[in-house]
$ cat start_10.cif   # mmCIF, C-alpha atoms
data_input
loop_
_atom_site.label_atom_id
_atom_site.label_comp_id
_atom_site.auth_asym_id
_atom_site.auth_seq_id
_atom_site.Cartn_x
_atom_site.Cartn_y
_atom_site.Cartn_z
CA MET A 195 0.79 7.65 -14.56
CA SER A 196 0.12 7.76 -18.27
CA SER A 197 0.09 10.53 -20.82
CA VAL A 198 -3.25 12.09 -21.73
CA ARG A 199 -4.54 14.01 -24.73
CA SER A 200 -4.78 17.75 -24.33
CA GLN A 201 -8.38 19.03 -24.39
CA CYS A 202 -7.57 22.07 -26.48
CA CYS A 203 -5.19 20.29 -28.90
CA TRP A 204 -6.36 16.69 -29.21
CA TRP A 205 -3.30 15.65 -31.21
CA HIS A 206 -0.93 16.66 -28.37
CA PHE A 207 -0.08 14.48 -25.40
CA SER A 208 0.84 15.85 -21.99
CA ILE A 209 1.81 14.45 -18.59
CA ALA A 210 0.39 15.93 -15.40
CA GLN A 211 3.16 17.20 -13.16
CA THR A 212 3.15 16.40 -9.44
CA PRO A 213 2.61 19.56 -7.38
CA ALA A 214 5.45 20.28 -4.96
CA SER A 215 3.05 20.52 -2.01
CA ILE A 216 1.58 17.04 -2.46
CA ALA A 217 3.26 14.01 -0.90
CA VAL A 218 3.35 11.04 -3.21
CA ILE A 219 4.00 7.40 -2.42
CA LEU A 220 5.58 5.41 -5.20
CA PHE A 221 5.54 1.64 -5.49
CA ASN A 222 6.49 -0.74 -8.26
CA THR A 223 3.75 -2.87 -9.80
CA ASP A 224 6.11 -5.80 -10.31
CA GLY A 225 7.64 -7.16 -7.11
CA SER A 226 9.90 -10.14 -6.64
CA GLU A 227 8.32 -13.09 -4.87
CA ASN A 228 11.40 -13.25 -2.64
CA ARG A 229 10.63 -9.89 -0.99
CA ARG A 230 8.58 -9.73 2.20
CA TYR A 231 7.78 -6.07 1.54
CA ILE A 232 7.15 -4.39 -1.80
CA PRO A 233 9.46 -1.34 -1.72
CA ILE A 234 7.54 1.93 -1.65
CA ASP A 235 8.84 5.45 -1.15
CA TYR A 236 8.02 9.13 -1.38
CA LEU A 237 8.58 10.55 -4.82
CA SER A 238 10.16 13.94 -5.49
CA LYS A 239 8.32 16.30 -7.82
CA GLU A 240 11.20 16.20 -10.32
CA ILE A 241 10.49 12.56 -11.16
CA ILE A 242 7.70 11.50 -13.51
CA PRO A 243 6.54 7.94 -12.69
CA GLY A 244 6.29 5.47 -15.54
CA ASP A 245 3.64 2.90 -16.35
CA LYS A 246 5.11 0.31 -13.95
CA LEU A 247 4.51 2.52 -10.94
CA PHE A 248 1.45 3.53 -8.93
CA THR A 249 1.27 6.78 -6.97
CA MET A 250 -0.87 7.96 -4.08
CA GLN A 251 -1.22 11.73 -3.87
CA GLY A 252 -1.52 13.37 -0.49
CA ALA A 253 -0.05 10.33 1.26
CA SER A 254 0.74 10.80 4.95
CA LEU A 255 3.08 8.79 7.17
CA TYR A 256 0.00 6.88 8.30
CA HIS A 257 -0.75 5.84 4.71
CA PHE A 258 2.89 4.91 4.22
CA GLY A 259 2.87 2.79 7.38
CA ILE A 260 -0.23 0.85 6.33
CA MET A 261 0.89 0.35 2.74
CA THR A 262 4.37 -0.88 3.66
CA SER A 263 3.12 -3.15 6.46
CA ASN A 264 3.09 -6.92 6.25
CA VAL A 265 -0.71 -6.75 6.62
CA HIS A 266 -1.04 -4.97 3.27
CA ASN A 267 1.69 -7.11 1.73
CA ALA A 268 -0.05 -10.28 2.94
CA TRP A 269 -3.26 -9.08 1.26
CA MET A 270 -1.30 -8.32 -1.90
CA ARG A 271 0.25 -11.78 -1.95
CA ALA A 272 -3.19 -13.38 -1.56
CA VAL A 273 -5.12 -11.46 -4.24
CA CYS A 274 -2.66 -10.00 -6.77
CA GLY A 275 -1.90 -11.28 -10.22
CA ARG A 276 1.41 -12.80 -11.17
CA LEU A 277 3.96 -12.17 -13.89
CA LYS A 278 5.66 -15.55 -14.00
CA SER A 279 6.32 -15.95 -10.27
CA ASP A 280 6.66 -12.23 -9.45
CA TYR A 281 3.87 -10.25 -7.83
CA SER A 282 1.96 -7.87 -10.09
CA TYR A 283 0.36 -5.13 -8.00
CA SER A 284 -3.00 -3.76 -9.15
CA ASN A 285 -4.87 -0.66 -8.05
CA THR A 286 -8.23 -2.25 -8.88
CA ILE A 287 -7.76 -5.72 -7.39
CA VAL A 288 -5.27 -5.14 -4.57
CA TYR A 289 -5.57 -1.52 -3.43
CA ASN A 290 -9.25 -0.75 -4.06
CA ASN A 291 -10.37 -3.93 -2.28
CA PHE A 292 -7.98 -3.62 0.66
CA PRO A 293 -9.87 -3.21 3.97
CA TRP A 294 -8.25 -0.39 5.92
CA PRO A 295 -8.35 -0.33 9.73
CA ASN A 296 -10.30 2.13 11.84
CA PRO A 297 -7.60 3.17 14.33
CA SER A 298 -7.81 5.36 17.37
CA GLU A 299 -5.81 8.59 17.33
CA GLU A 300 -3.20 6.94 19.54
CA GLN A 301 -2.89 3.96 17.20
CA LYS A 302 -2.67 6.23 14.17
CA LYS A 303 0.10 8.26 15.81
CA LYS A 304 1.99 5.06 16.62
CA ILE A 305 1.85 3.97 12.96
CA GLU A 306 3.11 7.39 11.88
CA GLN A 307 6.05 7.00 14.28
CA THR A 308 6.96 3.51 13.10
CA ALA A 309 6.63 4.61 9.46
CA GLN A 310 9.10 7.43 10.09
CA THR A 311 11.46 4.94 11.74
CA ILE A 312 11.46 2.91 8.51
CA LEU A 313 12.42 6.00 6.49
CA ASP A 314 15.11 6.88 9.05
CA ALA A 315 16.56 3.37 8.83
CA ARG A 316 16.74 3.63 5.05
CA ALA A 317 18.45 7.01 5.26
CA LYS A 318 21.42 5.36 6.95
CA TYR A 319 22.21 3.68 3.62
CA PRO A 320 22.18 6.53 1.06
CA GLU A 321 24.24 4.53 -1.44
CA SER A 322 21.83 1.56 -1.43
CA SER A 323 18.84 1.29 -3.75
CA LEU A 324 15.44 0.09 -2.57
CA ALA A 325 16.15 -3.17 -4.41
CA ASP A 326 19.30 -3.61 -2.31
CA LEU A 327 17.64 -2.64 0.97
CA TYR A 328 14.74 -5.03 0.45
CA ASP A 329 16.79 -8.01 -0.66
CA GLU A 330 15.88 -10.55 2.04
CA THR A 331 19.42 -11.92 2.15
CA VAL A 332 21.09 -8.57 2.93
CA MET A 333 18.30 -6.41 4.43
CA PRO A 334 19.87 -4.17 7.11
CA PRO A 335 18.93 -5.33 10.62
CA GLU A 336 17.71 -1.90 11.76
CA LEU A 337 15.42 -1.69 8.71
CA ARG A 338 14.02 -5.15 9.40
CA GLN A 339 13.47 -4.21 13.04
CA ALA A 340 11.71 -0.99 12.01
CA HIS A 341 9.38 -2.94 9.74
CA ARG A 342 8.58 -5.43 12.49
CA ALA A 343 7.65 -2.58 14.83
CA ASN A 344 5.46 -1.08 12.10
CA ASP A 345 3.83 -4.46 11.44
CA LEU A 346 2.94 -4.76 15.12
CA ALA A 347 1.51 -1.21 15.24
CA VAL A 348 -0.65 -1.87 12.17
CA CYS A 349 -1.88 -5.21 13.52
CA GLN A 350 -2.86 -3.53 16.77
CA ALA A 351 -4.85 -0.95 14.80
CA TYR A 352 -6.84 -3.84 13.31
CA GLY A 353 -7.31 -5.38 16.75
CA PHE A 354 -5.50 -8.56 15.70
CA THR A 355 -4.50 -10.99 18.44
CA GLN A 356 -0.99 -12.43 18.82
CA ASP A 357 -1.85 -15.69 17.01
CA ILE A 358 -3.11 -13.69 14.01
CA ILE A 359 -0.03 -11.47 14.04
CA LYS A 360 2.24 -14.53 13.86
CA SER A 361 0.31 -16.23 11.03
CA GLU A 362 -0.02 -14.67 7.57
CA SER A 363 -2.80 -17.06 6.59
CA LYS A 364 -4.83 -16.07 9.67
CA CYS A 365 -4.12 -12.40 8.96
CA VAL A 366 -5.46 -12.76 5.40
CA ALA A 367 -8.50 -14.66 6.70
CA GLU A 368 -9.31 -11.77 9.07
CA LEU A 369 -8.88 -9.26 6.26
CA PHE A 370 -11.35 -11.20 4.12
CA LYS A 371 -13.83 -11.12 7.00
CA LEU A 372 -13.48 -7.33 7.09
CA TYR A 373 -13.80 -7.18 3.31
CA GLU A 374 -16.99 -9.23 3.46
CA LYS A 375 -18.50 -6.88 6.07
CA LEU A 376 -17.62 -3.86 3.96
CA THR A 377 -19.08 -5.33 0.78
CA GLN A 378 -22.27 -6.37 2.57
CA LYS A 379 -22.76 -2.80 3.77
CA LYS A 380 -22.17 -1.51 0.25
CA ASN A 381 -24.60 -4.02 -1.26
CA LYS A 382 -27.30 -3.03 1.25
CA ALA A 383 -26.76 0.65 0.41
CA TRP A 384 -27.12 -0.08 -3.32
CA LYS A 385 -30.30 -2.10 -2.74
CA TYR A 386 -31.79 0.78 -0.72
CA HIS A 387 -30.78 3.24 -3.43
CA ALA A 388 -32.42 1.01 -6.07
CA LEU A 389 -35.66 0.94 -4.08
CA LEU A 390 -35.71 4.72 -3.91
CA ILE A 391 -35.28 5.29 -7.64
CA ASN A 392 -37.56 2.48 -8.92
#
$ encode --input "start_10.cif" --output "structure tokens"
Amino acid sequence: MSSVRSQCCWWHFSIAQTPASIAVILFNTDGSENRRYIPIDYLSKEIIPGDKLFTMQGASLYHFGIMTSNVHNAWMRAVCGRLKSDYSYSNTIVYNNFPWPNPSEEQKKKIEQTAQTILDARAKYPESSLADLYDETVMPPELRQAHRANDLAVCQAYGFTQDIIKSESKCVAELFKLYEKLTQKKNKAWKYHALLIN
């Protein structure tokens, strides 16, 4: 979130405050290559995110579950930029191009439950930072188990089979198939729109 010029006083800069009623997910743009999951969290309204963070306003537990899943992280690892060997998350390349699932209400509820389990597992370690919790060498077992359950719930929402769930390369390949379908639909819509206005 960056500062913006005030419309009434162009020489002043201001920062938009996060409304208390809006849930925000925070995640760092620079993630270590040694992490399986990029740490993301809900942000309190008292904190103003800096330029190394992205936020998602109005984020539900369902959004949290998808974003913190290995499916989304696998996509990120495949398409993101790099800063040396660390991942560099991008809203334009990673997030905007990410193909979301089309879950049933039951599947969506399951993801919300597993997402909450992740937050509950973190809460057991109030003295640990996200960097500590997501260090692969010391990640708490209940947090790792919660993530695995969430990964499975998200994969089921995509309709992925067991062999896809167990293979990150196959998971990414399926995501690119979904991405291709989505872009083909968009291209057809643009072509139709062009025919109407020409």
$ residues_near_point --input "start_10.cif" --point "(-9.4, -12.2, 5.7)" --cutoff "12 Å" --atoms "only C-alpha atoms" --output "PyMOL selection string"
chain A and resi 265-266+268-270+272-273+291-294+352+354+358+361-376
$ resolve_selection --input "start_10.cif" --expression "the PyMOL selection byres ((chain A and resi 274) around 12)" --output "count of residues only"
29
$ resolve_selection --input "start_10.cif" --expression "the PyMOL selection byres ((chain A and resi 259) around 7)" --output "NGL selection string"
:A and (255-258 or 260-263 or 305-306 or 309 or 344)
$ atom_distance --input "start_10.cif" --atom1 "atom CA of A:Ile359" --atom2 "atom CA of A:Ser298"
18.8 Å
$ axis_aligned_box --input "start_10.cif" --around "stretch 250-253 of chain A" --padding-each-side "3 Å" --output "JSON"
{"center_x": -0.8, "center_y": 10.7, "center_z": -1.4, "size_x": 7.5, "size_y": 11.4, "size_z": 11.3}
$ closest_residue --input "start_10.cif" --among "A:Ile312, A:Lys303, A:Gly244, A:Gln251" --to "A:Ala343" --atoms "all atoms listed in the file"
A:Ile312
$ closest_residue --input "start_10.cif" --among "A:Pro297, A:Tyr231, A:Gln378, A:Gly252" --to "A:Asp345" --atoms "all atoms listed in the file"
A:Tyr231
$ atom_distance --input "start_10.cif" --atom1 "atom CA of A:Glu330" --atom2 "atom CA of A:Arg342"
13.7 Å
$ atom_distance --input "start_10.cif" --atom1 "atom CA of A:Ala317" --atom2 "atom CA of A:Ala347"
21.3 Å
$ decode --input "start_10.cif" --residues "stretch 350-377 of chain A" --atoms "N, CA, C and O atoms" --output "short mmCIF file (atom, residue, chain, number, x, y, z; two decimals), in the first residue's frame"
data_model
loop_
_atom_site.label_atom_id
_atom_site.label_comp_id
_atom_site.auth_asym_id
_atom_site.auth_seq_id
_atom_site.Cartn_x
_atom_site.Cartn_y
_atom_site.Cartn_z
N GLN A 350 -9.42 -30.89 -3.41
CA GLN A 350 -10.72 -31.49 -3.67
C GLN A 350 -11.67 -30.49 -4.31
O GLN A 350 -12.50 -30.86 -5.15
N ALA A 351 -11.53 -29.22 -3.96
CA ALA A 351 -12.37 -28.17 -4.56
C ALA A 351 -12.04 -28.00 -6.05
O ALA A 351 -12.89 -27.61 -6.84
N TYR A 352 -10.80 -28.28 -6.42
CA TYR A 352 -10.40 -28.24 -7.83
C TYR A 352 -10.76 -29.53 -8.57
O TYR A 352 -10.66 -29.57 -9.80
N GLY A 353 -11.11 -30.57 -7.81
CA GLY A 353 -11.38 -31.86 -8.43
C GLY A 353 -10.13 -32.62 -8.79
O GLY A 353 -10.16 -33.50 -9.66
N PHE A 354 -9.01 -32.31 -8.12
CA PHE A 354 -7.74 -32.98 -8.41
C PHE A 354 -7.76 -34.40 -7.87
O PHE A 354 -8.26 -34.67 -6.78
N THR A 355 -7.18 -35.31 -8.63
CA THR A 355 -7.06 -36.71 -8.21
C THR A 355 -5.86 -36.88 -7.28
O THR A 355 -5.04 -35.96 -7.13
N GLN A 356 -5.73 -38.05 -6.66
CA GLN A 356 -4.67 -38.29 -5.70
C GLN A 356 -3.27 -38.13 -6.31
O GLN A 356 -2.36 -37.61 -5.65
N ASP A 357 -3.09 -38.57 -7.56
CA ASP A 357 -1.76 -38.45 -8.17
C ASP A 357 -1.38 -36.99 -8.40
O ASP A 357 -0.21 -36.62 -8.31
N ILE A 358 -2.38 -36.14 -8.66
CA ILE A 358 -2.11 -34.71 -8.83
C ILE A 358 -1.80 -34.07 -7.48
O ILE A 358 -0.89 -33.23 -7.36
N ILE A 359 -2.54 -34.50 -6.45
CA ILE A 359 -2.32 -33.95 -5.11
C ILE A 359 -0.90 -34.22 -4.63
O ILE A 359 -0.27 -33.39 -3.98
N LYS A 360 -0.36 -35.39 -4.98
CA LYS A 360 0.96 -35.78 -4.49
C LYS A 360 2.11 -35.20 -5.32
O LYS A 360 3.26 -35.30 -4.93
N SER A 361 1.80 -34.62 -6.48
CA SER A 361 2.84 -34.10 -7.36
C SER A 361 2.63 -32.62 -7.64
O SER A 361 1.63 -32.23 -8.23
N GLU A 362 3.59 -31.79 -7.23
CA GLU A 362 3.47 -30.35 -7.46
C GLU A 362 3.52 -30.02 -8.94
O GLU A 362 2.81 -29.13 -9.40
N SER A 363 4.35 -30.72 -9.70
CA SER A 363 4.45 -30.45 -11.13
C SER A 363 3.13 -30.76 -11.84
O SER A 363 2.71 -30.02 -12.73
N LYS A 364 2.45 -31.83 -11.44
CA LYS A 364 1.16 -32.17 -12.03
C LYS A 364 0.09 -31.17 -11.62
O LYS A 364 -0.79 -30.83 -12.40
N CYS A 365 0.19 -30.70 -10.37
CA CYS A 365 -0.74 -29.68 -9.87
C CYS A 365 -0.61 -28.41 -10.70
O CYS A 365 -1.62 -27.83 -11.14
N VAL A 366 0.62 -27.96 -10.93
CA VAL A 366 0.86 -26.75 -11.73
C VAL A 366 0.37 -26.95 -13.16
O VAL A 366 -0.21 -26.04 -13.77
N ALA A 367 0.59 -28.15 -13.71
CA ALA A 367 0.13 -28.44 -15.07
C ALA A 367 -1.38 -28.32 -15.18
O ALA A 367 -1.91 -27.77 -16.16
N GLU A 368 -2.10 -28.81 -14.17
CA GLU A 368 -3.56 -28.71 -14.16
C GLU A 368 -4.01 -27.26 -14.03
O GLU A 368 -5.00 -26.85 -14.65
N LEU A 369 -3.30 -26.50 -13.22
CA LEU A 369 -3.63 -25.08 -13.07
C LEU A 369 -3.44 -24.32 -14.38
O LEU A 369 -4.25 -23.45 -14.72
N PHE A 370 -2.41 -24.67 -15.13
CA PHE A 370 -2.20 -24.02 -16.42
C PHE A 370 -3.28 -24.41 -17.42
O PHE A 370 -3.65 -23.61 -18.29
N LYS A 371 -3.81 -25.62 -17.31
CA LYS A 371 -4.93 -26.02 -18.16
C LYS A 371 -6.15 -25.16 -17.85
O LYS A 371 -6.86 -24.71 -18.75
N LEU A 372 -6.39 -24.94 -16.56
CA LEU A 372 -7.51 -24.08 -16.15
C LEU A 372 -7.28 -22.64 -16.61
O LEU A 372 -8.21 -21.97 -17.08
N TYR A 373 -6.05 -22.17 -16.48
CA TYR A 373 -5.71 -20.82 -16.91
C TYR A 373 -5.95 -20.66 -18.41
O TYR A 373 -6.49 -19.64 -18.86
N GLU A 374 -5.57 -21.67 -19.18
CA GLU A 374 -5.76 -21.62 -20.62
C GLU A 374 -7.24 -21.55 -20.99
O GLU A 374 -7.64 -20.78 -21.87
N LYS A 375 -8.07 -22.32 -20.29
CA LYS A 375 -9.52 -22.29 -20.53
C LYS A 375 -10.08 -20.90 -20.23
O LYS A 375 -10.90 -20.37 -20.97
N LEU A 376 -9.64 -20.34 -19.11
CA LEU A 376 -10.13 -19.02 -18.71
C LEU A 376 -9.71 -17.94 -19.71
O LEU A 376 -10.51 -17.06 -20.05
N THR A 377 -8.48 -18.00 -20.17
CA THR A 377 -8.01 -16.98 -21.12
C THR A 377 -8.67 -17.14 -22.48
O THR A 377 -8.91 -16.15 -23.18
#
